[in-house]
Structures are given as structure tokens and as C-alpha cells.
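Written out below as C-alpha cells is the structure these notes cover.
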Amino acid sequence: MSRPRTLYEKLWDAHLIEERADGSSLLLVDRHLINEGTSIEAFASLEARGRAVARPEIHLAVADHAVPTVDRFRPLPPGPRRERIELLQRNCAHFGIEHIPFTSFDQGICHVIAPEQGFILPGLLAVCGDSHTSTLGAFGALGFGIGTTEVEHVLATGTIVQQRSRTLAVEISGTLPRGVTAKDVILTVIGKLGAGGGAGHALEFRGDTIRALPVEARMSICNMAVEAGAKVGMIAPDAQVFRWLQGRRRAPAGALWDRAVAYWRTLVSDPDAEFDRAVTLRAEEIAPQVTWGTSPDQVGPITGVVPGPESFPDTIRAAAARRALDYQQLEPGTPIESIRIDRVFIGSCTNARLSDLRDAADFVRGGRLAPGVEGFVVPGSMQVKAAAEAEGLDAVFRAAGFEWRASGCSMCGGGETAPPGTRVAATSNRNFEHRQGRDVRTHLVSPAMAAAAGIAGHFVDIRKLERAPA
Amino acid sequence: MNEPLRSLTAIAAPLDRDNVDTDLIWPARPGVSLRRGEQASNAFARLRFDEEGAERPDFILNRPPWGEAKILVSGPNFGCGSSRELAVWALHEWGIRCVIAPSFGDIFEANACLNGLLPVRLPEAEVRTLMEIVSDPARALLTVDLETKRVSGDGFEAAFAIDDYRRECLLSGLDAIAATTRREAEIAAFAARYDAAFPWARPHPLRDSSNVPG
């Protein structure tokens, strides 16, 4: 019998070409997603050195960061964004890589469209020059973000050099209370681990709470593993995942599908496998979360108040809280529910899939954005947008005063920003200073919490509200 | 290929905050260049410059002697967040060759070692001591030696650990692609075995592509 292994170790071993004495490993890459930002210098360097792309079929390119989410089908105005989008198209044509044009109905945020098309499957090793590639771990794939020098390496060799991470089990058990979502779970985990707490580790989310979550909710969880400092977040694939993927437009079919599923069933941590670390949470104790600071671990329940810096035991965290409150223009002791917002952003690779939009719509239906509040809904892909429109969600949001946009990263690193001083309830993943525009104050929340805040004009505990289902 | 980095004696600047994210190191702004070689002015741009582009005199790296710094001393989780290698390029092009911190963002740390920027991990208490030392203009000079894996300054001496692969990348300015290409035969043999074991893992073209005509 072989040694019991964790899911991470199984995936690592399956792709391990060689392990070297210097601590590095050479791994085979199954899939590589390419965007228009982090690939520019990689392609330029390949071309300058006269290198070819080793296995063109493993790469898939799509512009998501620089694409406008309004006027999608009008010619792009001249400028750097258009140059980046056109350069991606040109580089892909030059190197023989498949490229999804930004005007395609298959376009979307890469971490949304890769699973949607069945480009990502359990057991695969997938990389992308984007830190939220951890999202793909929701399918039991080994997905992680890489830098541009590594992007060039993947293009040139179809492989990547990495160091094996330690493993961290995040065990969550129990039933989530009504109104508490995957976003609240991951924000709670980040608050518990700290923004750097998972550094050097691959996170595996486990337990009956996780197993009960739908596939798209699992993506929100793995997506933000990187906000706890971990490159990798993963969940063992199960029958729910197989059902979700079957029939997708790039997924294997017939005998190949059956063979794949037989292998995928083995992709679980062995019962006796040892993790380097473990943390446990009870689902019943998780409340809807709102970040109050400028780091994703500066977070607390909707029922709480903005903490005072002196409430943090160590001086570094206290100083960080002081700086965050100064930037966010918040006073200690302020009830979270009383914080008024100017804008709602429902979008990003964290929370812009169909289930997220349905969830948000349940707290919008029949209402109107509060006076002075703007709202933007940016679907994660054009397919999500079409599916949402087919069930009338666009009408729900529009009737409430939201703008209904085309797909892209938008207000999450996509260059669409808010005016200085705007306070945003955002379903995205980072509340860093100036991330959504100069002096813009970001509060990270679930789609339902963002929607409800837009209608009320301030954060509200959605557990006290009634859903308005379709 | 990067310039090799063996030993460095330079001014160190204290940047006393935790979770210095790559948005802070390299802030995205309308029209900003994404090209390598054009990044020096983007490093910490929002901390260094005001809205009109004038230097902020209160920012430590705008003040002598730290304006000459090639070493940063900072808090835990330096370089967290986005994978943007621009953050590493900007620091390097601006003149920074080493960051000393208790911990780093994983992707940033990997990017740094591939680009001639040395990440040195020291225990939090030692970083705190070092932060106090280099905050004194008269004591801001540090030596970081990658060959002996030691940091030394005025009344400060510490050893650090770095894995051999990353150390070699920095010492030699290793071309990782050339090194991998030398293993072409092993890679091909592995890929053939992998494909035989996992034929379903081959990428498939998109069925029923729905591109907008024209």
C-alpha cells in the first residue's frame, strides 16, 4: 500500500516530471489561461528570443481586464486598453493559440468561462497570470496564479517549475444559517487565518458544509483562498461537480468521460492523510460578513461594530487597523449596519455567476436603489448574462435602477473605477486602498448583502429580510 | 536573464506596515504602461507622488538618506494580492534589490526570485529590531549577503534561509526556460505516459462556438 496522500499531493504527484535536489519540481501543465495584461511581456520576450510555443492546444486566451462593460459592440476607442486587447489577438494569431474575441458570446472573466466551457476539469493542472486562478480548485483541479516570467515558461515549455506547498485543511461542519453564503464562509476563514495566514500552503476546504455547497458557491470559496495568502484552494470533486461539467462544450464525452469520472472519484484526500495544519469552523457560527478595513482579513459580522485599533493585541495589526480606519473614514464603535454606501458593484470572478445574480435579485425584486445610490451588475461571462436575461434577471435589476452591463473584470482590477470618496458595497475580492479608484472605500460582501445594501442605502442583515423569489 | 545578485551593501528604508499589497506597490491607473523597462516611476506611485505628480515629502523613500535605498524592510505578507509581476519590475527598475520581511505573498516571492529581487525572510522580532535600526539615518546601511545567507548592519547580525533553487536563480541570473529546455526528452517521455494514462485530459476545441458574426 502506498502512503496516504492529500488531494493536493495526489494532483502534484500526477503532474510531477521530476523533483530536484534544490527543492524545485518540474510539473506538466494541462491548461493555461491567458489574459491581455500579464501576457504582454511574456509574448514579447518569446518573440525577441525566437522561441516557439511548445503545446499550443493547452492555452486559451481571452481579454477580460481591459474590456469595456458598456458599449461592447461599438468600436473600441483608441488608447491603451484597445492596444492591449488587439495585442492579445495579434500575439495569439502569431503563436497559434486559440483566442476568444472580446465581442464573442463566449467571452467572460477567464475563471468563469474556463469551467463554463468545460476547459477545466478535475485532476488537471491549470495556471494563469492571475492570482484568482485558485478558483479552479473548486473542481478538484490544481489551479494557481503565476507571474509573467512563469507565463513565458509555460508558453515555451508546457511545464512549470514550482516548490511543493505545505497543506492546510479548512474543515467546516454544520448547516449554514439562512442568508449566510459561501462568500461569508470564505471571509470568515480569511478573518480567522489572516491575510498572510495561508502563505506557503495549499488549502483544502472540507467537511459536510462544503460538500453541501453547490459548485458555483465552491468557486467563490476557492477564489478567495489567495486572500488568505494561499496560492491554491481546493475541494475534492464529487458527483455534483461531475454533473455540473457533463456535456459542457469542451468536456470529454462517451467512453473518455466515463474513464475520466472513474479517475476523478479517486481525487480525495485519503482518510489517513496528514495535513501540515488544520483549522475548523462551525457553520452555525457564521454570520453575513462585511469588511470594514483595507485588507480582506479586516472583516466582521453584520451585527458588529467597527473595531477600535486598541482592540488588536499586537502592534502591527493595531497600526494596520488605524491606517485602514483613516482611509475608510470610519470611527471605531460605528455599527456596521449604519454604514451608508454610494454604490453597489455586483461582479468579478468571485461572485458574478448565475447563482450569484439570482441570489442578489431576490433582494432587489420589487425594490428600488436608495436615493443617491448607484448600482452596477456585471455578469461574469456573456453566457451568464444571456442565461440571466432568459430568466428575466436583467429586468429585475434595471427596474430597481441598476445598470446591466456586459461581462468583464470591471471594478475589480478592470480599470472601471468610481469617483474619489465613493463608498462601495462590492461582491469582489479585494478591498485594498485605491483598488476601485482613488480614495474609493470598498466593503466586501456577498451578492445578497450587496443587493440589500443598495436598496436600503446602508448595510443590512439579510437574515432579517424576506427574499422576493421569482 | 537577470543580473546576478551575490552581495549588496546599501541604504535600507523602513516601510513599517503589514500586508503591503501589489496594488500598493504597483497601482493601476488609466493609461499606465504595462511594459517592462517603463516601470521605475510606478513603484509605490500613490505613496511617492501626490495627485499633481509632485513628490510627497513625508514619504520615507522621498527623504535622505532613504531615497537612495536599495533595500526595503517591511512587515508581514509583503507583496500579497495580485500576481502582477509589474510590482517586482517597478521595485527593481526603481533600484530596490532586496526586501526584508517576516513573510511574503507566494506569487510575489516567486516573481522576485526570477527577476533579481531578493526576498529575505527574518523572524518578526528581528525585522522589528532592524526596522528601528534603519529608521536612524546614521544606521541605515545594511549588507545582505546571499552567498553566506546573512544580513548585517550596525549592531545587527542575522542568518536567513532561502531554498536552493531560488538562491541559485538569484546568484546566477538563471534562465529557467533554457534549463527546462535541456530536459526536453524527459518532458516528452512524461507527457506521453501522462497522455496514455489520462487521455480525457487532452484539450478539446469548443463545440458550438457562438461568436458574433462580423
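Residue numbering restarts at 1 for every chain of the C-alpha cells, chains are lettered A, B, ... in their displayed order, and ligands are numbered from 1 as they appear.
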Legend entry - Neighbour list for stretch 130-138 of chain B as a PyMOL selection string, cut-off 9 Å, only C-alpha atoms, skip fewer than 4 positions in-chain: chain B and resi 11-16+64-66+73-74+125-126+142+153-156
Inset, instruction - Could you find all residues in stretch 18-143 of chain B that DSSP calls strand (DSSP E or B) from the backbone, and write them as an NGL selection string? - result: :B and (21 or 49 or 55 or 71-74 or 78 or 80 or 98-101 or 104 or 118-121 or 141-143)
List every residue of stretch 13-78 of chain B that DSSP, applied to the backbone of this structure, assigns to helix (DSSP H, G or I), and report them as a short mmCIF file (atom, residue, chain, number, x, y, z; two decimals) with N, CA and C atoms, in the first residue's frame.
```
data_model
loop_
_atom_site.label_atom_id
_atom_site.label_comp_id
_atom_site.auth_asym_id
_atom_site.auth_seq_id
_atom_site.Cartn_x
_atom_site.Cartn_y
_atom_site.Cartn_z
N THR B 22 0.28 44.22 -3.82
CA THR B 22 0.90 44.60 -5.10
C THR B 22 0.12 45.72 -5.79
N ASP B 23 -1.11 45.99 -5.35
CA ASP B 23 -1.81 47.19 -5.82
C ASP B 23 -1.13 48.45 -5.27
N LEU B 24 -0.63 48.36 -4.04
CA LEU B 24 0.06 49.50 -3.43
C LEU B 24 1.44 49.67 -4.07
N ILE B 25 2.11 48.54 -4.33
CA ILE B 25 3.45 48.61 -4.94
C ILE B 25 3.35 49.09 -6.38
N ALA B 40 9.86 52.26 -13.45
CA ALA B 40 10.51 52.86 -12.28
C ALA B 40 9.62 53.88 -11.57
N SER B 41 8.93 54.70 -12.34
CA SER B 41 8.13 55.76 -11.71
C SER B 41 6.83 55.23 -11.12
N ASN B 42 6.50 53.96 -11.39
CA ASN B 42 5.24 53.41 -10.89
C ASN B 42 5.36 52.78 -9.50
N ALA B 45 3.66 54.46 -6.47
CA ALA B 45 3.35 55.78 -7.04
C ALA B 45 2.40 56.60 -6.16
N ARG B 46 1.40 55.93 -5.55
CA ARG B 46 0.44 56.71 -4.75
C ARG B 46 1.03 57.18 -3.43
N LEU B 47 2.04 56.48 -2.95
CA LEU B 47 2.70 56.92 -1.72
C LEU B 47 3.77 57.97 -2.03
N ARG B 48 4.40 57.84 -3.19
CA ARG B 48 5.52 58.73 -3.53
C ARG B 48 5.07 60.10 -4.05
N ILE B 60 8.75 58.14 3.38
CA ILE B 60 10.11 57.85 3.83
C ILE B 60 11.10 57.71 2.66
N LEU B 61 10.65 57.13 1.57
CA LEU B 61 11.58 56.90 0.46
C LEU B 61 11.81 58.16 -0.38
N ASN B 62 11.15 59.27 0.00
CA ASN B 62 11.45 60.55 -0.64
C ASN B 62 12.42 61.37 0.20
N TRP B 66 17.10 57.73 2.77
CA TRP B 66 16.39 56.54 2.28
C TRP B 66 16.01 56.63 0.81
N GLY B 67 16.09 57.84 0.25
CA GLY B 67 15.86 57.98 -1.19
C GLY B 67 16.83 57.16 -2.02
N GLU B 68 17.97 56.83 -1.41
CA GLU B 68 18.98 56.04 -2.11
C GLU B 68 18.84 54.55 -1.81
#
```
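Compared by their closest atoms to chain A, and using only C-alpha atoms, the residues B:Asp145, B:Glu52, B:Glu157, B:Asp18 rank with B:Asp18 nearest.
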Inset, instruction - Could you please tell me, as a PyMOL selection string, which residues of chain B have an atom within 7 Å of chain A when using only C-alpha atoms? - result: chain B and resi 17-18+23+31+35-36+77+80-85+105-107+111+163-165+177+181+187+190+200+203-207+210-212
Output C-alpha atoms for every residue in the selection just made, as a PDB file, in the first residue's frame.
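The new file selection_37.pdb reads:
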```pdb
ATOM      1  CA  ARG B  17       3.243  48.312   7.580  1.00  0.00           C
ATOM      2  CA  ASP B  18       1.919  44.803   7.101  1.00  0.00           C
ATOM      3  CA  ASP B  23      -1.810  47.194  -5.819  1.00  0.00           C
ATOM      4  CA  GLY B  31      -3.027  54.823 -19.366  1.00  0.00           C
ATOM      5  CA  ARG B  35       5.810  47.265 -20.437  1.00  0.00           C
ATOM      6  CA  ARG B  36       8.934  46.084 -18.738  1.00  0.00           C
ATOM      7  CA  ASN B  77       2.883  39.366   3.965  1.00  0.00           C
ATOM      8  CA  CYS B  80       0.242  39.938  -1.197  1.00  0.00           C
ATOM      9  CA  GLY B  81      -2.639  40.171  -3.639  1.00  0.00           C
ATOM     10  CA  SER B  82      -2.486  40.352  -7.407  1.00  0.00           C
ATOM     11  CA  SER B  83       0.063  38.249  -9.325  1.00  0.00           C
ATOM     12  CA  ARG B  84       1.217  41.303 -11.299  1.00  0.00           C
ATOM     13  CA  GLU B  85       4.948  40.949 -11.911  1.00  0.00           C
ATOM     14  CA  GLY B 105       2.929  36.748  -0.810  1.00  0.00           C
ATOM     15  CA  ASP B 106       3.674  33.420  -2.536  1.00  0.00           C
ATOM     16  CA  ILE B 107       3.389  34.661  -6.114  1.00  0.00           C
ATOM     17  CA  ASN B 111       8.333  36.535  -9.234  1.00  0.00           C
ATOM     18  CA  ASP B 163      15.692  27.446  -0.774  1.00  0.00           C
ATOM     19  CA  ASP B 164      18.490  26.374  -3.069  1.00  0.00           C
ATOM     20  CA  TYR B 165      16.559  26.776  -6.312  1.00  0.00           C
ATOM     21  CA  ILE B 177      13.418  28.310 -19.823  1.00  0.00           C
ATOM     22  CA  THR B 181      14.511  23.022 -22.437  1.00  0.00           C
ATOM     23  CA  ILE B 187       9.366  16.040 -20.585  1.00  0.00           C
ATOM     24  CA  PHE B 190       6.489  12.021 -19.263  1.00  0.00           C
ATOM     25  CA  TRP B 200      -9.547  12.552 -21.343  1.00  0.00           C
ATOM     26  CA  PRO B 203      -7.899  19.829 -24.551  1.00  0.00           C
ATOM     27  CA  HIS B 204     -10.931  19.804 -26.832  1.00  0.00           C
ATOM     28  CA  PRO B 205     -11.963  22.558 -29.229  1.00  0.00           C
ATOM     29  CA  LEU B 206     -15.143  24.400 -28.317  1.00  0.00           C
ATOM     30  CA  ARG B 207     -18.288  22.764 -29.662  1.00  0.00           C
ATOM     31  CA  SER B 210     -21.224  31.258 -30.738  1.00  0.00           C
ATOM     32  CA  ASN B 211     -19.088  34.125 -31.940  1.00  0.00           C
ATOM     33  CA  VAL B 212     -20.816  37.272 -33.049  1.00  0.00           C
TER      34      VAL B 212
END
```
Which residues, written as an mmCIF file with N, CA and C atoms, in the first residue's frame, have at least one atom at most 8 Å from B:Leu114, with only C-alpha atoms counted and residues fewer than 2 positions away on the same chain left out?
```cif
data_model
loop_
_atom_site.group_PDB
_atom_site.id
_atom_site.type_symbol
_atom_site.label_atom_id
_atom_site.label_comp_id
_atom_site.auth_asym_id
_atom_site.auth_seq_id
_atom_site.Cartn_x
_atom_site.Cartn_y
_atom_site.Cartn_z
ATOM 1 N N THR A 149 6.964 36.025 -15.939
ATOM 2 C CA THR A 149 8.133 35.205 -16.303
ATOM 3 C C THR A 149 7.720 33.733 -16.355
ATOM 4 N N ASN B 2 18.658 37.748 -15.698
ATOM 5 C CA ASN B 2 18.816 38.932 -14.867
ATOM 6 C C ASN B 2 20.250 39.054 -14.422
ATOM 7 N N ALA B 110 7.938 34.334 -5.669
ATOM 8 C CA ALA B 110 8.444 33.590 -6.829
ATOM 9 C C ALA B 110 8.866 34.561 -7.933
ATOM 10 N N ASN B 111 8.016 35.548 -8.199
ATOM 11 C CA ASN B 111 8.333 36.535 -9.234
ATOM 12 C C ASN B 111 9.638 37.259 -8.917
ATOM 13 N N ALA B 112 9.824 37.615 -7.655
ATOM 14 C CA ALA B 112 11.005 38.369 -7.238
ATOM 15 C C ALA B 112 12.277 37.585 -7.560
ATOM 16 N N GLY B 116 15.725 39.020 -10.086
ATOM 17 C CA GLY B 116 16.857 39.682 -9.443
ATOM 18 C C GLY B 116 16.501 40.517 -8.224
ATOM 19 N N LEU B 117 15.347 40.249 -7.615
ATOM 20 C CA LEU B 117 14.955 40.950 -6.390
ATOM 21 C C LEU B 117 14.925 39.915 -5.269
ATOM 22 N N ARG B 166 15.789 28.931 -5.522
ATOM 23 C CA ARG B 166 15.624 30.389 -5.614
ATOM 24 C C ARG B 166 16.957 31.104 -5.433
ATOM 25 N N CYS B 169 18.749 30.853 -8.677
ATOM 26 C CA CYS B 169 18.155 31.773 -9.658
ATOM 27 C C CYS B 169 18.745 33.172 -9.497
ATOM 28 N N LEU B 170 18.873 33.608 -8.253
ATOM 29 C CA LEU B 170 19.354 34.959 -7.968
ATOM 30 C C LEU B 170 20.867 35.062 -8.161
ATOM 31 N N GLY B 173 21.404 34.464 -12.030
ATOM 32 C CA GLY B 173 20.531 35.074 -13.027
ATOM 33 C C GLY B 173 20.017 34.015 -13.993
ATOM 34 N N LEU B 174 19.768 32.844 -13.454
ATOM 35 C CA LEU B 174 19.377 31.649 -14.224
ATOM 36 C C LEU B 174 18.298 31.909 -15.267
#
```
Legend entry - Non-local contacts of stretch 324-332 of chain A (10 Å; only C-alpha atoms; under 4 positions in same chain excluded) as a VMD selection string: chain A and resid 292 to 295 298 305 to 311 318 to 320 336 339 421 423 432 to 434 439 to 443
Legend entry - Nearest to B:Val144, chosen from B:His92, B:Arg128, B:Arg182, B:Arg121, with only C-alpha atoms counted in the distances: B:Arg121
Legend entry - Point-to-point distance from atom CA of A:Arg3 to atom CA of A:Thr135, Å rounded to tenths: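 Separating atom CA of A:Arg3 from atom CA of A:Thr135 is a distance of 28.2 Å.
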Legend entry - A:Ile109 surroundings by only C-alpha atoms, 6 Å radius, close-in-sequence under 3 positions cut, as a VMD selection string: chain A and resid 64 112 380 to 381 408
Inset, instruction - Compile the contact shell of A:Gly137 as a list in words: residues with an atom at most 9 Å away, counting only C-alpha atoms, same-chain residues fewer than 3 positions apart removed. - result: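 The contact residues come out as Pro122, Thr133, Ser134, Gly140, Ala141, Leu142, Gly143, Phe144, Glu204, Arg218, Met219, Cys222, Asn223, Val232, Gly233, Met234, Ile235 and Ala236 of chain A.
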Next, the residues of the selection above should be written as a PDB file, in the first residue's frame with C-alpha atoms.
```pdb
ATOM      1  CA  PRO A 122     -10.998  17.708 -12.075  1.00  0.00           C
ATOM      2  CA  THR A 133      -6.757  31.033 -10.671  1.00  0.00           C
ATOM      3  CA  SER A 134      -7.251  29.357  -7.291  1.00  0.00           C
ATOM      4  CA  GLY A 140     -10.596  19.410  -7.850  1.00  0.00           C
ATOM      5  CA  ALA A 141      -8.111  20.881 -10.310  1.00  0.00           C
ATOM      6  CA  LEU A 142      -4.715  22.148  -9.159  1.00  0.00           C
ATOM      7  CA  GLY A 143      -5.064  25.790 -10.192  1.00  0.00           C
ATOM      8  CA  PHE A 144      -2.807  28.655  -9.211  1.00  0.00           C
ATOM      9  CA  GLU A 204      -8.263  22.124   1.083  1.00  0.00           C
ATOM     10  CA  ARG A 218     -17.443  26.383  -4.054  1.00  0.00           C
ATOM     11  CA  MET A 219     -15.828  28.552  -6.725  1.00  0.00           C
ATOM     12  CA  CYS A 222     -11.568  28.696  -3.640  1.00  0.00           C
ATOM     13  CA  ASN A 223     -11.395  32.038  -5.453  1.00  0.00           C
ATOM     14  CA  VAL A 232      -4.049  27.110  -4.039  1.00  0.00           C
ATOM     15  CA  GLY A 233      -7.525  26.449  -2.663  1.00  0.00           C
ATOM     16  CA  MET A 234      -9.260  23.199  -3.496  1.00  0.00           C
ATOM     17  CA  ILE A 235     -12.240  20.979  -2.837  1.00  0.00           C
ATOM     18  CA  ALA A 236     -12.456  17.266  -3.611  1.00  0.00           C
TER      19      ALA A 236
END
```
Inset, instruction - Would you kindly return, as number ranges by chain, each protein, DNA or RNA residue with an atom no farther than 9 Å from any atom of A:Leu465, considering only C-alpha atoms and excluding same-chain residues fewer than 3 positions away? - result: A: 179, 363, 452, 460-462
